[in-house]
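Q: Here it is: the structure, laid out below.
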Amino acid sequence: MEFISRISKATDPYRIVEELSTGSADSYDLGFLFVSELNKLTIQEIALLLRKRIKMGHLIGCSSCGVIGTENEIERKPASVLILGRFPGVKIVPFSMRQAQLEALKTPEDWYNFLEVYPSESPVFIVLPDPFAFDMNRFLDCMNKGYPHCSVMGGMASGGFEPGENILILDQEQLEEGLVGVVLTGDILIEAIVSQGCRPIGETFIVTKVQDNIIYELAGKPLLGILQEVLHKASPRDKLLAQEALFVGIAMDEYRHEFKRGDFLIRGLIGLDQTSGAGAIADRIQTGQTVQFHLRDAAAATEELNDLLKSHLDKNKEKPKGALVFSCNGRGENLFRQRDHDIRLIQQCVGPVPAAGFFCAGEIGPVCKNNFLHGFTSSIALFYPK
């Protein structure tokens with residue numbers, strides 16, 4: 001298994017292709033292309049020229065508001081990044097999908113027939129959806145049911161602000177909506193690092209009364225009352241932070257006696273009712289689940305990503321062969337007030353490793369073996385031979 005990654009800040013398609021193809025060898029099995037702040041016609045031309053210049057089995061990519069290379073993150077400026085990989089012993093299945101096709105797939109067997117990939121093959125999915133006209137939550141629900149414990153990773157295209165402004169690339173195909181992706185099976189191991197950028201505050205509580213996404217009671221008391229008790233014990237800084245960046249973490253494994261980072265799915269607390277004491281979160285939840293309030297800031301996001309990467313390195317002594325990085329467009333300089341934050345940490349902890357990615361309108365990755373759509377997250381795929 002071998003990867004190379006190249007980045008270009010040029011705006012002319014021919015110059016971009018020249019810089020992205022520098023040092024490339026005879027042929028590759030798969031390439032990922034991410035382009036920021038260039039129009040759709042230019043991106044299509046770049047993809048076409050790359051396929052003429054470099055022999056590759058498949059090319060997948062999308063438009064974005066910023067790209068990530070091996071050493072740099074370039075936000076809200078024209079830039080292109082290409083990572084090429086050789087995957088001996090790996091089956092690569094490219095696919096594209098529109099909303100109507102998604103709705104037509106009713107059962108796991110429908111998915112097996114559509115993709116011609118089965119759970120017994122332990123597949124990993126890399127997907128790039130458009131955020132406007134595709135039900136990603138439905139897609140992930142189908143994946144979790146049809147391919148249990150199989151990772152789905154990727155990010156939503158972020159190059160446009162309205163439907164039809166993004167472009168998704170899959171070989172010779174270009175889509176303005178839907179999803180493109182590849183399925184990888186065989187002699188490959190892809191480790192997922194999903195850093196949601198939060199730290200817990202207070203204790204864990206059992207949900208005792210809920211309806212859909214509205215939590216009425218925790219441990220038999222109104223949610224608002226529990227929250228006030230938690231914040232009463234908090235530091236002045238955390239009380240101030242809670243006014244802007246307060247979240248609810250939903251424990252993914254109810255049988256744990258102790259919870260740590262990575263055990264919670266983080267969802268926003270989107271409303272509080274002073275009369276009933278209830279709180280609404282940005283996801284459905286059930287009675288009996290365990291939750292804990294969380295806070296998000298630059299320090300928490302840095303600490304969590306650093307801890308997750310070092311924990312991964314402790315378990316995997318060998319360095320990865322390549323990396324894909326799907327980072328929220330709300331991270332980067334907007335959150336950390338510095339450039340190259342996430343890629344610098346990745347290289348410090350598990351590098352040097354060829355890497356590519358982009359700033360997304362939503363990040364996709366597993367939490368405790370189930371796949372979710374996230375926000376303010378860095379979802380990192382690390383590639384190893386099995």
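Chains: A, B, ... in order of the structure tokens. Residues: from 1 per chain. Ligands: from 1, in order shown.
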Show which residues sit within 7 Å of range 383-386 of chain A, as JSON, numbers by chain. Count only C-alpha atoms, and ignore same-chain residues fewer than 3 positions away.

A: {"A": [1, 187, 188, 189, 190, 191, 320, 321, 322, 323]}

Q: Near range 70-87 of chain A, counting only C-alpha atoms, which residues have an atom at most 6 Å away, once you skip same-chain residues fewer than 3 positions from it, shown as a PyMOL selection string?

A: chain A and resi 1-9+28-37+65-67+90+340+354-356

Q: Can you pull out the residues contacting Gly365 in chain A? Cut-off 10 Å, using only C-alpha atoms, and skip same-chain residues under 6 positions away; I want them as a PyMOL selection string.

A: chain A and resi 125-126+140+151-155+192-195+326+371-374+377-381

Q: I'd like the neighbourhood of Ala234 in chain A as a PDB file with N, CA and C atoms, in the first residue's frame, where a residue qualifies if any of its atoms comes within 12 Å (using only C-alpha atoms), though same-chain residues fewer than 2 positions away should be ignored.

A:
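Resulting contents of around-v9.pdb:
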```
ATOM      1  N   PRO A 200     -16.648  16.761  28.832  1.00  0.00           N
ATOM      2  CA  PRO A 200     -17.828  16.640  29.684  1.00  0.00           C
ATOM      3  C   PRO A 200     -17.798  17.611  30.852  1.00  0.00           C
ATOM      4  N   ILE A 201     -18.976  17.928  31.343  1.00  0.00           N
ATOM      5  CA  ILE A 201     -19.121  18.769  32.539  1.00  0.00           C
ATOM      6  C   ILE A 201     -20.199  18.137  33.416  1.00  0.00           C
ATOM      7  N   GLY A 202     -19.946  18.050  34.711  1.00  0.00           N
ATOM      8  CA  GLY A 202     -20.910  17.445  35.623  1.00  0.00           C
ATOM      9  C   GLY A 202     -20.928  15.934  35.538  1.00  0.00           C
ATOM     10  N   GLU A 203     -21.998  15.328  36.056  1.00  0.00           N
ATOM     11  CA  GLU A 203     -22.126  13.880  36.116  1.00  0.00           C
ATOM     12  C   GLU A 203     -22.962  13.364  34.946  1.00  0.00           C
ATOM     13  N   LEU A 227     -29.595  20.890  34.819  1.00  0.00           N
ATOM     14  CA  LEU A 227     -28.588  21.741  34.183  1.00  0.00           C
ATOM     15  C   LEU A 227     -28.169  22.874  35.117  1.00  0.00           C
ATOM     16  N   GLN A 228     -29.117  23.471  35.797  1.00  0.00           N
ATOM     17  CA  GLN A 228     -28.792  24.558  36.723  1.00  0.00           C
ATOM     18  C   GLN A 228     -27.912  24.058  37.864  1.00  0.00           C
ATOM     19  N   GLU A 229     -28.171  22.835  38.343  1.00  0.00           N
ATOM     20  CA  GLU A 229     -27.333  22.262  39.388  1.00  0.00           C
ATOM     21  C   GLU A 229     -25.900  22.031  38.891  1.00  0.00           C
ATOM     22  N   VAL A 230     -25.773  21.542  37.654  1.00  0.00           N
ATOM     23  CA  VAL A 230     -24.457  21.295  37.077  1.00  0.00           C
ATOM     24  C   VAL A 230     -23.683  22.602  36.929  1.00  0.00           C
ATOM     25  N   LEU A 231     -24.356  23.632  36.412  1.00  0.00           N
ATOM     26  CA  LEU A 231     -23.674  24.909  36.185  1.00  0.00           C
ATOM     27  C   LEU A 231     -23.368  25.638  37.492  1.00  0.00           C
ATOM     28  N   HIS A 232     -24.161  25.385  38.539  1.00  0.00           N
ATOM     29  CA  HIS A 232     -23.904  25.998  39.839  1.00  0.00           C
ATOM     30  C   HIS A 232     -22.545  25.556  40.383  1.00  0.00           C
ATOM     31  N   PRO A 236     -16.321  29.677  36.754  1.00  0.00           N
ATOM     32  CA  PRO A 236     -16.838  30.869  36.054  1.00  0.00           C
ATOM     33  C   PRO A 236     -16.641  30.784  34.539  1.00  0.00           C
ATOM     34  N   ARG A 237     -15.498  30.254  34.111  1.00  0.00           N
ATOM     35  CA  ARG A 237     -15.245  30.137  32.677  1.00  0.00           C
ATOM     36  C   ARG A 237     -16.236  29.190  32.019  1.00  0.00           C
ATOM     37  N   ASP A 238     -16.516  28.050  32.671  1.00  0.00           N
ATOM     38  CA  ASP A 238     -17.456  27.092  32.095  1.00  0.00           C
ATOM     39  C   ASP A 238     -18.885  27.647  32.078  1.00  0.00           C
ATOM     40  N   LYS A 239     -19.242  28.423  33.082  1.00  0.00           N
ATOM     41  CA  LYS A 239     -20.565  29.052  33.077  1.00  0.00           C
ATOM     42  C   LYS A 239     -20.708  29.995  31.894  1.00  0.00           C
ATOM     43  N   LEU A 240     -19.665  30.727  31.600  1.00  0.00           N
ATOM     44  CA  LEU A 240     -19.692  31.644  30.465  1.00  0.00           C
ATOM     45  C   LEU A 240     -19.722  30.868  29.151  1.00  0.00           C
ATOM     46  N   LEU A 241     -18.940  29.816  29.051  1.00  0.00           N
ATOM     47  CA  LEU A 241     -18.895  29.009  27.839  1.00  0.00           C
ATOM     48  C   LEU A 241     -20.230  28.317  27.573  1.00  0.00           C
ATOM     49  N   ALA A 242     -20.929  27.935  28.642  1.00  0.00           N
ATOM     50  CA  ALA A 242     -22.206  27.247  28.496  1.00  0.00           C
ATOM     51  C   ALA A 242     -23.269  28.115  27.829  1.00  0.00           C
ATOM     52  N   PHE A 293     -23.825  16.500  30.018  1.00  0.00           N
ATOM     53  CA  PHE A 293     -23.629  17.786  29.363  1.00  0.00           C
ATOM     54  C   PHE A 293     -22.165  17.937  28.966  1.00  0.00           C
ATOM     55  N   HIS A 294     -21.945  18.614  27.834  1.00  0.00           N
ATOM     56  CA  HIS A 294     -20.602  18.839  27.311  1.00  0.00           C
ATOM     57  C   HIS A 294     -20.434  20.296  26.904  1.00  0.00           C
ATOM     58  N   LEU A 295     -19.177  20.736  26.917  1.00  0.00           N
ATOM     59  CA  LEU A 295     -18.818  22.073  26.456  1.00  0.00           C
ATOM     60  C   LEU A 295     -17.793  21.951  25.337  1.00  0.00           C
TER      61      LEU A 295
END
```

Q: How many Å lie between CA of Gly57 in chain A and CA of Ser21 in chain A, rounded to one decimal?

A: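 That distance, rounded to one decimal, is 15.3 Å.
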
Q: Restricting the calculation to only C-alpha atoms, which member of A:Ile215, A:Met252, A:Cys349, A:Ala10 is positioned closest to Pro366 in chain A?

A: A:Met252

Q: Choose the residue, out of A:Glu45, A:Asp342, A:Glu333, A:Glu121, that has the smallest atom-to-atom separation from Tyr147 in chain A; count only C-alpha atoms.

A: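 Checking each candidate against Tyr147 in chain A, we get A:Glu121 as the closest.
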
Q: As a list of chain:residue names, please: the residues near Ser27 in chain A (cut-off 8 Å, only C-alpha atoms, same-chain neighbours under 2 positions excluded).

A: A:Ala25, A:Asp29, A:Ile54, A:Lys55, A:Met56

Q: The selected residues should be written to file as a PDB file, in the first residue's frame (atoms: C-alpha atoms).

A:
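Saved file result_18.pdb follows:
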```
ATOM      1  CA  ALA A  25       4.338   7.244 -11.048  1.00  0.00           C
ATOM      2  CA  ASP A  29      -5.870   2.353  -8.018  1.00  0.00           C
ATOM      3  CA  ILE A  54      -2.391  10.122 -14.504  1.00  0.00           C
ATOM      4  CA  LYS A  55      -3.435   6.533 -14.955  1.00  0.00           C
ATOM      5  CA  MET A  56      -5.807   5.732 -12.099  1.00  0.00           C
TER       6      MET A  56
END
```

Q: In Å, rounded to a single decimal, give me how far CA of Met97 in chain A is from CA of Pro131 in chain A.

A: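 Calculated distance between CA of Pro131 in chain A and CA of Met97 in chain A is 13.3 Å.
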
Q: As a ChimeraX atom specification, please: every residue in range 13-168 of chain A that DSSP puts in strand (DSSP E or B).

A: /A:27-36,55-64,66-68,73-75,79-86,90-97,124-129,152-155,168

Q: Would you return as JSON, numbers by chain the members of range 92-290 of chain A that DSSP assigns to helix (DSSP H, G or I) on this structure's backbone?

A: {"A": [99, 100, 101, 102, 103, 104, 108, 109, 110, 111, 112, 113, 114, 115, 119, 120, 121, 136, 137, 138, 139, 140, 141, 142, 143, 144, 145, 146, 223, 224, 225, 226, 227, 228, 229, 230, 231, 232, 236, 237, 238, 239, 240, 241, 242]}

Q: Select, from A:Cys62, A:Leu175, A:Leu168, A:Val210, the residue with the minimum atom-to-atom distance to Arg284 in chain A, counting only C-alpha atoms.

A: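 The closest residue to Arg284 in chain A is A:Val210.
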
Q: Please report as JSON lines every residue of range 136-199 of chain A lying within 12 Å of range 99-109 of chain A, along with the nearest atom pair and their distance in Å (one decimal), using only C-alpha atoms.

A:
```
{"residue": "A:Met136", "atom": "CA", "partner": "A:Gln99", "partner_atom": "CA", "distance": 9.4}
{"residue": "A:Asn137", "atom": "CA", "partner": "A:Leu102", "partner_atom": "CA", "distance": 11.1}
{"residue": "A:Arg138", "atom": "CA", "partner": "A:Leu102", "partner_atom": "CA", "distance": 8.2}
{"residue": "A:Phe139", "atom": "CA", "partner": "A:Leu102", "partner_atom": "CA", "distance": 7.1}
{"residue": "A:Leu140", "atom": "CA", "partner": "A:Leu102", "partner_atom": "CA", "distance": 10.8}
{"residue": "A:Asp141", "atom": "CA", "partner": "A:Pro108", "partner_atom": "CA", "distance": 10.8}
{"residue": "A:Cys142", "atom": "CA", "partner": "A:Pro108", "partner_atom": "CA", "distance": 7.3}
{"residue": "A:Met143", "atom": "CA", "partner": "A:Pro108", "partner_atom": "CA", "distance": 8.4}
{"residue": "A:Asn144", "atom": "CA", "partner": "A:Pro108", "partner_atom": "CA", "distance": 9.9}
{"residue": "A:Lys145", "atom": "CA", "partner": "A:Pro108", "partner_atom": "CA", "distance": 7.1}
{"residue": "A:Gly146", "atom": "CA", "partner": "A:Pro108", "partner_atom": "CA", "distance": 4.6}
{"residue": "A:Tyr147", "atom": "CA", "partner": "A:Pro108", "partner_atom": "CA", "distance": 8.0}
{"residue": "A:Pro148", "atom": "CA", "partner": "A:Pro108", "partner_atom": "CA", "distance": 10.6}
{"residue": "A:Glu176", "atom": "CA", "partner": "A:Gln99", "partner_atom": "CA", "distance": 12.0}
{"residue": "A:Glu177", "atom": "CA", "partner": "A:Gln99", "partner_atom": "CA", "distance": 8.4}
{"residue": "A:Gly178", "atom": "CA", "partner": "A:Gln99", "partner_atom": "CA", "distance": 6.1}
{"residue": "A:Leu179", "atom": "CA", "partner": "A:Gln99", "partner_atom": "CA", "distance": 8.6}
{"residue": "A:Val180", "atom": "CA", "partner": "A:Gln99", "partner_atom": "CA", "distance": 11.8}
```

Q: So how many Å separate CA of Leu309 in chain A and CA of Arg199 in chain A, to one decimal?

A: 15.9 Å

Q: So, with only C-alpha atoms as the atoms that count, which of A:Val117, A:Leu246, A:Arg337, A:Ala299 lies closest to Ile281 in chain A?

A: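 The answer is A:Leu246, which sits nearest to Ile281 in chain A.
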
Q: Restricting the calculation to only C-alpha atoms: of A:Leu265, A:Ala278, A:Val183, A:Cys198, which residue gets closest to Ala298 in chain A?

A: A:Cys198
